[in-house]
file target_25.cif (mmCIF, C-alpha atoms)
data_protein
#
loop_
_atom_site.group_PDB
_atom_site.id
_atom_site.type_symbol
_atom_site.label_atom_id
_atom_site.label_comp_id
_atom_site.auth_asym_id
_atom_site.auth_seq_id
_atom_site.Cartn_x
_atom_site.Cartn_y
_atom_site.Cartn_z
ATOM 1 C CA MET Q 1271 4.036 19.491 -16.881
ATOM 2 C CA HIS Q 1272 5.765 18.176 -19.980
ATOM 3 C CA ILE Q 1273 4.034 15.471 -22.045
ATOM 4 C CA LEU Q 1274 5.365 13.528 -25.032
ATOM 5 C CA ILE Q 1275 2.830 12.314 -27.592
ATOM 6 C CA ILE Q 1276 4.032 9.411 -29.750
ATOM 7 C CA GLU Q 1277 1.284 8.967 -32.352
ATOM 8 C CA ASP Q 1278 1.563 8.227 -36.084
ATOM 9 C CA GLU Q 1279 -1.828 9.748 -37.000
ATOM 10 C CA GLU Q 1280 -0.687 13.314 -37.604
ATOM 11 C CA GLN Q 1281 -4.093 14.985 -37.230
ATOM 12 C CA LEU Q 1282 -4.862 13.136 -33.959
ATOM 13 C CA CYS Q 1283 -1.388 13.926 -32.638
ATOM 14 C CA ARG Q 1284 -1.842 17.630 -33.401
ATOM 15 C CA SER Q 1285 -5.354 17.697 -31.859
ATOM 16 C CA ILE Q 1286 -4.197 16.056 -28.624
ATOM 17 C CA ALA Q 1287 -1.226 18.416 -28.370
ATOM 18 C CA GLU Q 1288 -3.408 21.505 -28.891
ATOM 19 C CA GLY Q 1289 -5.972 20.342 -26.324
ATOM 20 C CA LEU Q 1290 -3.288 19.680 -23.723
ATOM 21 C CA ARG Q 1291 -1.538 23.003 -24.378
ATOM 22 C CA MET Q 1292 -4.864 24.797 -23.777
ATOM 23 C CA ASP Q 1293 -4.868 23.177 -20.321
ATOM 24 C CA GLY Q 1294 -1.350 24.451 -19.602
ATOM 25 C CA TYR Q 1295 0.681 21.360 -20.479
ATOM 26 C CA GLU Q 1296 3.862 21.619 -22.495
ATOM 27 C CA THR Q 1297 3.875 19.039 -25.303
ATOM 28 C CA ASP Q 1298 6.289 17.447 -27.740
ATOM 29 C CA THR Q 1299 5.131 15.201 -30.564
ATOM 30 C CA CYS Q 1300 6.630 12.562 -32.806
ATOM 31 C CA LEU Q 1301 5.237 10.166 -35.393
ATOM 32 C CA ASP Q 1302 7.249 6.963 -34.910
ATOM 33 C CA GLY Q 1303 8.563 4.697 -32.158
ATOM 34 C CA ASP Q 1304 12.290 5.228 -32.801
ATOM 35 C CA GLU Q 1305 12.050 9.001 -32.523
ATOM 36 C CA GLY Q 1306 9.792 8.685 -29.476
ATOM 37 C CA LEU Q 1307 12.271 6.463 -27.669
ATOM 38 C CA GLU Q 1308 15.120 8.818 -28.564
ATOM 39 C CA LEU Q 1309 13.192 11.786 -27.110
ATOM 40 C CA CYS Q 1310 12.439 9.820 -23.929
ATOM 41 C CA MET Q 1311 16.140 9.147 -23.500
ATOM 42 C CA THR Q 1312 17.183 12.782 -23.966
ATOM 43 C CA GLU Q 1313 14.299 14.784 -22.470
ATOM 44 C CA ASN Q 1314 12.597 14.740 -19.076
ATOM 45 C CA TYR Q 1315 8.856 14.097 -19.474
ATOM 46 C CA ASP Q 1316 6.178 13.916 -16.814
ATOM 47 C CA LEU Q 1317 4.003 11.587 -18.920
ATOM 48 C CA ILE Q 1318 4.000 9.829 -22.301
ATOM 49 C CA LEU Q 1319 0.998 9.192 -24.526
ATOM 50 C CA LEU Q 1320 1.983 6.202 -26.663
ATOM 51 C CA ASP Q 1321 0.203 4.752 -29.680
ATOM 52 C CA LEU Q 1322 0.507 1.002 -30.019
ATOM 53 C CA MET Q 1323 0.702 0.652 -33.805
ATOM 54 C CA LEU Q 1324 3.686 2.797 -34.794
ATOM 55 C CA PRO Q 1325 6.145 2.667 -37.683
ATOM 56 C CA LYS Q 1326 9.750 1.532 -37.078
ATOM 57 C CA MET Q 1327 9.128 0.344 -33.500
ATOM 58 C CA ASP Q 1328 5.712 -0.567 -32.073
ATOM 59 C CA GLY Q 1329 4.301 0.791 -28.836
ATOM 60 C CA PHE Q 1330 4.945 -2.432 -26.896
ATOM 61 C CA GLU Q 1331 8.657 -2.261 -27.788
ATOM 62 C CA VAL Q 1332 8.864 1.455 -26.972
ATOM 63 C CA CYS Q 1333 7.117 0.930 -23.622
ATOM 64 C CA GLN Q 1334 9.389 -1.965 -22.700
ATOM 65 C CA ALA Q 1335 12.508 0.002 -23.687
ATOM 66 C CA ILE Q 1336 11.420 3.039 -21.640
ATOM 67 C CA ARG Q 1337 10.852 0.837 -18.582
ATOM 68 C CA GLU Q 1338 14.522 -0.202 -18.739
ATOM 69 C CA PHE Q 1339 15.594 3.334 -17.759
ATOM 70 C CA SER Q 1340 12.561 5.234 -16.472
ATOM 71 C CA ASP Q 1341 9.355 4.985 -14.464
ATOM 72 C CA MET Q 1342 7.675 7.976 -16.133
ATOM 73 C CA PRO Q 1343 3.937 7.350 -16.569
ATOM 74 C CA ILE Q 1344 2.868 5.894 -19.914
ATOM 75 C CA VAL Q 1345 -0.693 5.902 -21.262
ATOM 76 C CA MET Q 1346 -1.236 3.727 -24.326
ATOM 77 C CA LEU Q 1347 -3.627 5.093 -26.954
ATOM 78 C CA THR Q 1348 -4.697 2.508 -29.497
ATOM 79 C CA ALA Q 1349 -7.398 1.178 -31.763
ATOM 80 C CA LYS Q 1350 -6.634 -2.329 -30.500
ATOM 81 C CA GLY Q 1351 -9.327 -2.836 -27.909
ATOM 82 C CA ASP Q 1352 -9.348 -6.544 -27.160
ATOM 83 C CA ASP Q 1353 -8.521 -7.663 -23.637
ATOM 84 C CA MET Q 1354 -5.291 -9.429 -24.597
ATOM 85 C CA ASP Q 1355 -3.809 -6.221 -26.064
ATOM 86 C CA LYS Q 1356 -4.808 -4.281 -22.943
ATOM 87 C CA ILE Q 1357 -3.237 -6.931 -20.710
ATOM 88 C CA LEU Q 1358 -0.035 -6.934 -22.776
ATOM 89 C CA GLY Q 1359 0.152 -3.129 -22.676
ATOM 90 C CA LEU Q 1360 -0.161 -3.101 -18.906
ATOM 91 C CA GLU Q 1361 2.301 -5.976 -18.504
ATOM 92 C CA TYR Q 1362 4.851 -4.184 -20.704
ATOM 93 C CA GLY Q 1363 4.675 -1.272 -18.261
ATOM 94 C CA ALA Q 1364 1.887 1.080 -19.331
ATOM 95 C CA ASP Q 1365 0.093 2.842 -16.484
ATOM 96 C CA ASP Q 1366 -3.189 2.994 -18.374
ATOM 97 C CA TYR Q 1367 -4.685 1.987 -21.709
ATOM 98 C CA ILE Q 1368 -7.226 4.063 -23.646
ATOM 99 C CA THR Q 1369 -8.983 2.633 -26.691
ATOM 100 C CA LYS Q 1370 -9.607 4.800 -29.777
ATOM 101 C CA PRO Q 1371 -11.862 6.536 -30.428
ATOM 102 C CA PHE Q 1372 -11.817 8.351 -27.093
ATOM 103 C CA SER Q 1373 -13.063 11.675 -25.810
ATOM 104 C CA VAL Q 1374 -10.588 14.397 -25.008
ATOM 105 C CA GLY Q 1375 -12.306 14.723 -21.628
ATOM 106 C CA ILE Q 1376 -11.498 11.093 -20.737
ATOM 107 C CA LEU Q 1377 -7.897 11.558 -21.883
ATOM 108 C CA LYS Q 1378 -7.442 14.735 -19.820
ATOM 109 C CA ALA Q 1379 -9.052 13.148 -16.745
ATOM 110 C CA THR Q 1380 -6.761 10.108 -17.091
ATOM 111 C CA ILE Q 1381 -3.680 12.330 -17.389
ATOM 112 C CA LYS Q 1382 -4.715 14.444 -14.402
ATOM 113 C CA ASN Q 1383 -5.424 11.328 -12.321
ATOM 114 C CA ILE Q 1384 -2.089 9.692 -13.108
ATOM 115 C CA LEU Q 1385 -0.089 12.875 -12.459
ATOM 116 C CA THR Q 1386 -1.977 13.551 -9.210
ATOM 117 C CA ASN Q 1387 -1.360 9.999 -8.001
ATOM 118 C CA ARG Q 1388 2.336 10.231 -8.911
ATOM 119 C CA ALA Q 1389 2.657 13.492 -6.988
ATOM 120 C CA LEU Q 1390 0.953 11.911 -3.965
ATOM 121 C CA LEU Q 1391 3.262 8.895 -4.114
ATOM 122 C CA ARG Q 1392 6.287 11.203 -4.336
ATOM 123 C CA ARG Q 1393 5.139 13.101 -1.231
ATOM 124 C CA VAL Q 1394 4.611 9.852 0.687
ATOM 125 C CA TYR Q 1395 7.978 8.509 -0.462
ATOM 126 C CA ASN Q 1396 9.728 11.760 0.479
ATOM 127 C CA SER Q 1397 8.132 11.763 3.958
ATOM 128 C CA ILE Q 1398 9.372 8.193 4.486
ATOM 129 C CA GLU Q 1399 12.838 9.281 3.353
ATOM 130 C CA ASP Q 1400 12.669 12.221 5.791
ATOM 131 C CA GLU Q 1401 12.074 9.805 8.676
ATOM 132 C CA GLU Q 1402 15.058 7.694 7.637
ATOM 133 C CA ARG Q 1403 17.588 10.512 7.279
ATOM 134 C CA VAL Q 1404 20.839 10.240 9.172
ATOM 135 C CA VAL Q 1405 21.176 12.898 11.861
ATOM 136 C CA GLN Q 1406 24.491 14.125 13.233
ATOM 137 C CA VAL Q 1407 24.503 16.148 16.458
ATOM 138 C CA TYR Q 1408 27.466 18.400 17.213
ATOM 139 C CA GLU Q 1409 26.753 19.965 20.605
ATOM 140 C CA VAL Q 1410 24.432 20.016 23.598
ATOM 141 C CA LEU Q 1411 23.144 23.462 24.541
ATOM 142 C CA PRO Q 1412 21.871 24.094 28.104
ATOM 143 C CA GLU Q 1413 18.222 25.060 28.424
ATOM 144 C CA GLU Q 1414 17.596 28.452 30.027
ATOM 145 C CA ASP Q 1415 15.773 27.086 33.088
ATOM 146 C CA ASN Q 1416 18.408 24.416 33.757
ATOM 147 C CA PRO Q 1417 22.012 25.475 33.195
ATOM 148 C CA GLN Q 1418 23.303 21.908 33.544
ATOM 149 C CA GLN Q 1419 24.031 20.106 30.347
ATOM 150 C CA GLY Q 1420 22.924 16.532 29.980
ATOM 151 C CA GLN Q 1421 19.466 15.106 29.874
ATOM 152 C CA SER Q 1422 17.687 18.463 30.038
ATOM 153 C CA GLY Q 1423 19.822 19.999 27.276
ATOM 154 C CA THR Q 1424 18.839 20.825 23.739
ATOM 155 C CA TYR Q 1425 20.687 19.065 20.974
ATOM 156 C CA GLN Q 1426 21.667 21.288 18.064
ATOM 157 C CA ILE Q 1427 21.519 19.364 14.806
ATOM 158 C CA ASN Q 1428 24.485 20.172 12.626
ATOM 159 C CA ARG Q 1429 23.237 18.474 9.543
ATOM 160 C CA ILE Q 1430 20.636 16.075 8.298
ATOM 161 C CA CYS Q 1431 22.006 14.016 5.447
ATOM 162 C CA HIS Q 1432 19.700 13.297 2.578
ATOM 163 C CA PRO Q 1433 19.999 12.589 -1.158
ATOM 164 C CA ALA Q 1434 20.097 16.245 -2.171
ATOM 165 C CA GLY Q 1435 22.995 16.804 0.230
ATOM 166 C CA SER Q 1436 21.812 20.165 1.564
ATOM 167 C CA ASP Q 1437 22.231 21.120 5.232
ATOM 168 C CA ILE Q 1438 19.196 21.723 7.437
ATOM 169 C CA GLN Q 1439 19.439 23.439 10.843
ATOM 170 C CA GLN Q 1440 17.083 22.173 13.529
ATOM 171 C CA GLU Q 1441 16.940 21.854 17.315
ATOM 172 C CA ILE Q 1442 15.545 18.941 19.273
ATOM 173 C CA THR Q 1443 15.226 18.399 23.000
ATOM 174 C CA TYR Q 1444 17.015 15.604 24.830
ATOM 175 C CA ARG Q 1445 13.643 13.959 25.423
ATOM 176 C CA THR Q 1446 13.063 13.728 21.659
ATOM 177 C CA ALA Q 1447 16.566 12.354 21.159
ATOM 178 C CA SER Q 1448 16.252 9.811 23.956
ATOM 179 C CA ASN Q 1449 12.923 8.525 22.627
ATOM 180 C CA GLY Q 1450 14.794 7.062 19.703
ATOM 181 C CA CYS Q 1451 13.873 9.689 17.130
ATOM 182 C CA TYR Q 1452 17.514 10.747 16.851
ATOM 183 C CA GLU Q 1453 20.727 9.048 17.807
ATOM 184 C CA PRO Q 1454 22.780 11.783 19.533
ATOM 185 C CA HIS Q 1455 26.503 11.781 18.754
ATOM 186 C CA HIS Q 1456 28.515 14.430 20.606
#

call {"tool": "encode", "arguments": {"input": "target_25.cif", "output": "C-alpha cells"}}
result
Amino acid sequence: MHILIIEDEEQLCRSIAEGLRMDGYETDTCLDGDEGLELCMTENYDLILLDLMLPKMDGFEVCQAIREFSDMPIVMLTAKGDDMDKILGLEYGADDYITKPFSVGILKATIKNILTNRALLRRVYNSIEDEERVVQVYEVLPEEDNPQQGQSGTYQINRICHPAGSDIQQEITYRTASNGCYEPHH
C-alpha cells in the first residue's frame, strides 16, 4: 500500500513515514499543498494523510482539488479541533479527520480501517459488476445422456465482456440460461 503524507511539520512528517514503513506501507512525503496536489495527480496512492494548515495551498483546497479527479481516501491531520473545521474537512471530501496531537496507534488503526473498508467495497462492487456482465453464447453442446440439442443442452460461453476486456471460458446448462441468468444467443 502506497501512502502520501502532506505535512509541513518536517519532524512529524518523518515520524509518521517511518512508523508506516515499519508496518509495511510505502510512503512519500511533501511539505506543502502545491507539491502534494502535484504528486496526487502523477502518482497512484492508496491513501493520503493531509495536514490542514499548509503553505502555498491549504488542506481544504488540496482535498477539494483531489476530489475533482480521484476518490482515493483522505485522512486530515490537523491541530484545528473545533467541530466546524471537522465538518468542513468532511464536506470537502475527507474520509476521516484526526486532531493533533494523536497517537500513532490511532493513526494506524484509522488507516487500516479505511483501507479494509475500501477493499470490501471494491469486492462488493466487483461482484455486482460480475452479475451485470454481458454474456455471448456461441454454441449449444449436447449433454452425454441426451444427444438431442435444445433444452437439455449445455451452452458454451464464448466470452463474458467486462471492463478489463479479457475472455473467460465457462459452461452453463440450458436450465441456468432459461432461468434468466444468461440470455442465450446462438

call {"tool": "residues_around", "arguments": {"input": "target_25.cif", "residues": "stretch 1360-1373 of chain Q", "least_positions_apart": "4", "cutoff": "7 Å", "atoms": "all atoms listed in the file", "output": "VMD selection string"}}
result
chain Q and resid 1330 1333 to 1334 1337 1343 to 1351 1356 1377

call {"tool": "write_last_selection", "arguments": {"input": "target_25.cif", "atoms": "C-alpha atoms", "output": "CSV table (one decimal), in the frame of the given file"}}
result
chain,number,residue,atom,x,y,z
Q,1330,PHE,CA,4.9,-2.4,-26.9
Q,1333,CYS,CA,7.1,0.9,-23.6
Q,1334,GLN,CA,9.4,-2.0,-22.7
Q,1337,ARG,CA,10.9,0.8,-18.6
Q,1343,PRO,CA,3.9,7.4,-16.6
Q,1344,ILE,CA,2.9,5.9,-19.9
Q,1345,VAL,CA,-0.7,5.9,-21.3
Q,1346,MET,CA,-1.2,3.7,-24.3
Q,1347,LEU,CA,-3.6,5.1,-27.0
Q,1348,THR,CA,-4.7,2.5,-29.5
Q,1349,ALA,CA,-7.4,1.2,-31.8
Q,1350,LYS,CA,-6.6,-2.3,-30.5
Q,1351,GLY,CA,-9.3,-2.8,-27.9
Q,1356,LYS,CA,-4.8,-4.3,-22.9
Q,1377,LEU,CA,-7.9,11.6,-21.9

call {"tool": "closest_residue", "arguments": {"input": "target_25.cif", "among": "Q:Thr1312, Q:Thr1297, Q:Asn1383, Q:Ser1285", "to": "Q:Ile1273", "atoms": "only C-alpha atoms"}}
result
Q:Thr1297

call {"tool": "axis_aligned_box", "arguments": {"input": "target_25.cif", "around": "stretch 1339-1357 of chain Q", "padding_each_side": "8 Å", "output": "JSON"}}
result
{"center_x": 3.1, "center_y": -0.7, "center_z": -23.1, "size_x": 40.9, "size_y": 33.4, "size_z": 33.3}

call {"tool": "atom_distance", "arguments": {"input": "target_25.cif", "atom1": "atom CA of Q:Asn1314", "atom2": "atom CA of Q:Asp1341"}}
result
11.3 Å

call {"tool": "closest_residue", "arguments": {"input": "target_25.cif", "among": "Q:Met1342, Q:Tyr1395, Q:Ile1357, Q:Ala1379", "to": "Q:Asp1293", "atoms": "only C-alpha atoms"}}
result
Q:Ala1379

call {"tool": "closest_residue", "arguments": {"input": "target_25.cif", "among": "Q:Gln1281, Q:Phe1339, Q:Ile1275, Q:Leu1301", "to": "Q:Lys1326", "atoms": "all atoms listed in the file"}}
result
Q:Leu1301

call {"tool": "atom_distance", "arguments": {"input": "target_25.cif", "atom1": "atom CA of Q:Tyr1315", "atom2": "atom CA of Q:Leu1274"}}
result
6.6 Å

call {"tool": "closest_residue", "arguments": {"input": "target_25.cif", "among": "Q:Glu1338, Q:Asp1304, Q:Val1374, Q:Asp1328", "to": "Q:Cys1283", "atoms": "only C-alpha atoms"}}
result
Q:Val1374

call {"tool": "closest_residue", "arguments": {"input": "target_25.cif", "among": "Q:Met1311, Q:Val1394, Q:Ile1276, Q:Leu1290", "to": "Q:Ile1381", "atoms": "all atoms listed in the file"}}
result
Q:Leu1290

call {"tool": "atom_distance", "arguments": {"input": "target_25.cif", "atom1": "atom CA of Q:Ala1335", "atom2": "atom CA of Q:Asp1278"}}
result
18.5 Å

call {"tool": "closest_residue", "arguments": {"input": "target_25.cif", "among": "Q:Leu1309, Q:Asp1353, Q:Lys1378, Q:Leu1385", "to": "Q:Val1332", "atoms": "only C-alpha atoms"}}
result
Q:Leu1309

call {"tool": "residues_around", "arguments": {"input": "target_25.cif", "residues": "Q:Met1271", "least_positions_apart": "2", "cutoff": "7 Å", "atoms": "all atoms listed in the file", "output": "PDB file with C-alpha atoms, in the coordinates of the input"}}
result
ATOM      1  CA  ILE Q1273       4.034  15.471 -22.045  1.00  0.00           C
ATOM      2  CA  TYR Q1295       0.681  21.360 -20.479  1.00  0.00           C
ATOM      3  CA  GLU Q1296       3.862  21.619 -22.495  1.00  0.00           C
ATOM      4  CA  ASP Q1316       6.178  13.916 -16.814  1.00  0.00           C
TER       5      ASP Q1316
END

call {"tool": "decode", "arguments": {"input": "target_25.cif", "residues": "stretch 1298-1311 of chain Q", "atoms": "all heavy atoms", "output": "PDB file, in the first residue's frame"}}
result
ATOM      1  N   ASP Q1298       5.437   8.324   0.586  1.00  0.00           N
ATOM      2  CA  ASP Q1298       6.044   9.520   0.001  1.00  0.00           C
ATOM      3  C   ASP Q1298       5.647  10.671   0.901  1.00  0.00           C
ATOM      4  O   ASP Q1298       4.564  10.654   1.510  1.00  0.00           O
ATOM      5  CB  ASP Q1298       5.520   9.789  -1.417  1.00  0.00           C
ATOM      6  CG  ASP Q1298       6.026   8.770  -2.432  1.00  0.00           C
ATOM      7  OD1 ASP Q1298       7.065   8.120  -2.183  1.00  0.00           O
ATOM      8  OD2 ASP Q1298       5.369   8.612  -3.479  1.00  0.00           O
ATOM      9  N   THR Q1299       6.507  11.691   0.973  1.00  0.00           N
ATOM     10  CA  THR Q1299       6.206  12.848   1.810  1.00  0.00           C
ATOM     11  C   THR Q1299       6.426  14.136   1.033  1.00  0.00           C
ATOM     12  O   THR Q1299       7.232  14.184   0.099  1.00  0.00           O
ATOM     13  CB  THR Q1299       7.102  12.871   3.065  1.00  0.00           C
ATOM     14  OG1 THR Q1299       8.470  12.973   2.665  1.00  0.00           O
ATOM     15  CG2 THR Q1299       6.898  11.635   3.919  1.00  0.00           C
ATOM     16  N   CYS Q1300       5.685  15.157   1.436  1.00  0.00           N
ATOM     17  CA  CYS Q1300       5.924  16.505   0.925  1.00  0.00           C
ATOM     18  C   CYS Q1300       5.472  17.498   1.981  1.00  0.00           C
ATOM     19  O   CYS Q1300       4.683  17.169   2.873  1.00  0.00           O
ATOM     20  CB  CYS Q1300       5.251  16.732  -0.418  1.00  0.00           C
ATOM     21  SG  CYS Q1300       3.471  16.629  -0.369  1.00  0.00           S
ATOM     22  N   LEU Q1301       5.978  18.742   1.864  1.00  0.00           N
ATOM     23  CA  LEU Q1301       5.794  19.722   2.926  1.00  0.00           C
ATOM     24  C   LEU Q1301       4.838  20.855   2.578  1.00  0.00           C
ATOM     25  O   LEU Q1301       4.644  21.753   3.394  1.00  0.00           O
ATOM     26  CB  LEU Q1301       7.160  20.301   3.329  1.00  0.00           C
ATOM     27  CG  LEU Q1301       8.195  19.273   3.791  1.00  0.00           C
ATOM     28  CD1 LEU Q1301       9.556  19.929   4.012  1.00  0.00           C
ATOM     29  CD2 LEU Q1301       7.726  18.566   5.046  1.00  0.00           C
ATOM     30  N   ASP Q1302       4.260  20.856   1.378  1.00  0.00           N
ATOM     31  CA  ASP Q1302       3.305  21.916   1.048  1.00  0.00           C
ATOM     32  C   ASP Q1302       2.184  21.391   0.149  1.00  0.00           C
ATOM     33  O   ASP Q1302       2.299  20.326  -0.455  1.00  0.00           O
ATOM     34  CB  ASP Q1302       4.005  23.130   0.404  1.00  0.00           C
ATOM     35  CG  ASP Q1302       4.555  22.854  -0.974  1.00  0.00           C
ATOM     36  OD1 ASP Q1302       3.766  22.648  -1.915  1.00  0.00           O
ATOM     37  OD2 ASP Q1302       5.794  22.861  -1.123  1.00  0.00           O
ATOM     38  N   GLY Q1303       1.099  22.156   0.087  1.00  0.00           N
ATOM     39  CA  GLY Q1303      -0.095  21.733  -0.638  1.00  0.00           C
ATOM     40  C   GLY Q1303       0.089  21.611  -2.137  1.00  0.00           C
ATOM     41  O   GLY Q1303      -0.431  20.674  -2.761  1.00  0.00           O
ATOM     42  N   ASP Q1304       0.846  22.551  -2.742  1.00  0.00           N
ATOM     43  CA  ASP Q1304       1.062  22.500  -4.196  1.00  0.00           C
ATOM     44  C   ASP Q1304       1.768  21.221  -4.614  1.00  0.00           C
ATOM     45  O   ASP Q1304       1.356  20.527  -5.542  1.00  0.00           O
ATOM     46  CB  ASP Q1304       1.886  23.706  -4.661  1.00  0.00           C
ATOM     47  CG  ASP Q1304       1.081  24.982  -4.751  1.00  0.00           C
ATOM     48  OD1 ASP Q1304      -0.169  24.916  -4.718  1.00  0.00           O
ATOM     49  OD2 ASP Q1304       1.704  26.057  -4.860  1.00  0.00           O
ATOM     50  N   GLU Q1305       2.858  20.909  -3.904  1.00  0.00           N
ATOM     51  CA  GLU Q1305       3.613  19.696  -4.233  1.00  0.00           C
ATOM     52  C   GLU Q1305       2.762  18.452  -3.980  1.00  0.00           C
ATOM     53  O   GLU Q1305       2.791  17.497  -4.759  1.00  0.00           O
ATOM     54  CB  GLU Q1305       4.901  19.636  -3.408  1.00  0.00           C
ATOM     55  CG  GLU Q1305       5.765  18.436  -3.752  1.00  0.00           C
ATOM     56  CD  GLU Q1305       6.996  18.304  -2.865  1.00  0.00           C
ATOM     57  OE1 GLU Q1305       7.213  19.139  -1.967  1.00  0.00           O
ATOM     58  OE2 GLU Q1305       7.735  17.319  -3.076  1.00  0.00           O
ATOM     59  N   GLY Q1306       1.985  18.469  -2.899  1.00  0.00           N
ATOM     60  CA  GLY Q1306       1.121  17.338  -2.589  1.00  0.00           C
ATOM     61  C   GLY Q1306       0.104  17.087  -3.680  1.00  0.00           C
ATOM     62  O   GLY Q1306      -0.109  15.948  -4.099  1.00  0.00           O
ATOM     63  N   LEU Q1307      -0.528  18.148  -4.157  1.00  0.00           N
ATOM     64  CA  LEU Q1307      -1.504  18.007  -5.236  1.00  0.00           C
ATOM     65  C   LEU Q1307      -0.847  17.494  -6.501  1.00  0.00           C
ATOM     66  O   LEU Q1307      -1.383  16.615  -7.180  1.00  0.00           O
ATOM     67  CB  LEU Q1307      -2.214  19.341  -5.491  1.00  0.00           C
ATOM     68  CG  LEU Q1307      -3.289  19.331  -6.561  1.00  0.00           C
ATOM     69  CD1 LEU Q1307      -4.387  18.317  -6.244  1.00  0.00           C
ATOM     70  CD2 LEU Q1307      -3.888  20.718  -6.720  1.00  0.00           C
ATOM     71  N   GLU Q1308       0.336  18.009  -6.809  1.00  0.00           N
ATOM     72  CA  GLU Q1308       1.079  17.556  -7.992  1.00  0.00           C
ATOM     73  C   GLU Q1308       1.382  16.054  -7.905  1.00  0.00           C
ATOM     74  O   GLU Q1308       1.185  15.309  -8.869  1.00  0.00           O
ATOM     75  CB  GLU Q1308       2.383  18.350  -8.123  1.00  0.00           C
ATOM     76  CG  GLU Q1308       3.187  18.005  -9.350  1.00  0.00           C
ATOM     77  CD  GLU Q1308       2.550  18.489 -10.640  1.00  0.00           C
ATOM     78  OE1 GLU Q1308       1.830  19.495 -10.645  1.00  0.00           O
ATOM     79  OE2 GLU Q1308       2.776  17.822 -11.683  1.00  0.00           O
ATOM     80  N   LEU Q1309       1.821  15.593  -6.732  1.00  0.00           N
ATOM     81  CA  LEU Q1309       2.095  14.159  -6.555  1.00  0.00           C
ATOM     82  C   LEU Q1309       0.826  13.333  -6.719  1.00  0.00           C
ATOM     83  O   LEU Q1309       0.856  12.254  -7.320  1.00  0.00           O
ATOM     84  CB  LEU Q1309       2.719  13.903  -5.178  1.00  0.00           C
ATOM     85  CG  LEU Q1309       4.188  14.274  -5.025  1.00  0.00           C
ATOM     86  CD1 LEU Q1309       4.609  14.213  -3.564  1.00  0.00           C
ATOM     87  CD2 LEU Q1309       5.056  13.354  -5.875  1.00  0.00           C
ATOM     88  N   CYS Q1310      -0.288  13.823  -6.187  1.00  0.00           N
ATOM     89  CA  CYS Q1310      -1.560  13.096  -6.316  1.00  0.00           C
ATOM     90  C   CYS Q1310      -1.987  12.963  -7.775  1.00  0.00           C
ATOM     91  O   CYS Q1310      -2.641  11.988  -8.142  1.00  0.00           O
ATOM     92  CB  CYS Q1310      -2.665  13.807  -5.532  1.00  0.00           C
ATOM     93  SG  CYS Q1310      -2.469  13.680  -3.755  1.00  0.00           S
ATOM     94  N   MET Q1311      -1.625  13.935  -8.576  1.00  0.00           N
ATOM     95  CA  MET Q1311      -2.011  13.914  -9.984  1.00  0.00           C
ATOM     96  C   MET Q1311      -1.105  13.009 -10.817  1.00  0.00           C
ATOM     97  O   MET Q1311      -1.509  12.549 -11.880  1.00  0.00           O
ATOM     98  CB  MET Q1311      -2.008  15.334 -10.547  1.00  0.00           C
ATOM     99  CG  MET Q1311      -3.068  16.213  -9.898  1.00  0.00           C
ATOM    100  SD  MET Q1311      -2.906  17.954 -10.305  1.00  0.00           S
ATOM    101  CE  MET Q1311      -3.657  17.982 -11.926  1.00  0.00           C
TER     102      MET Q1311
END
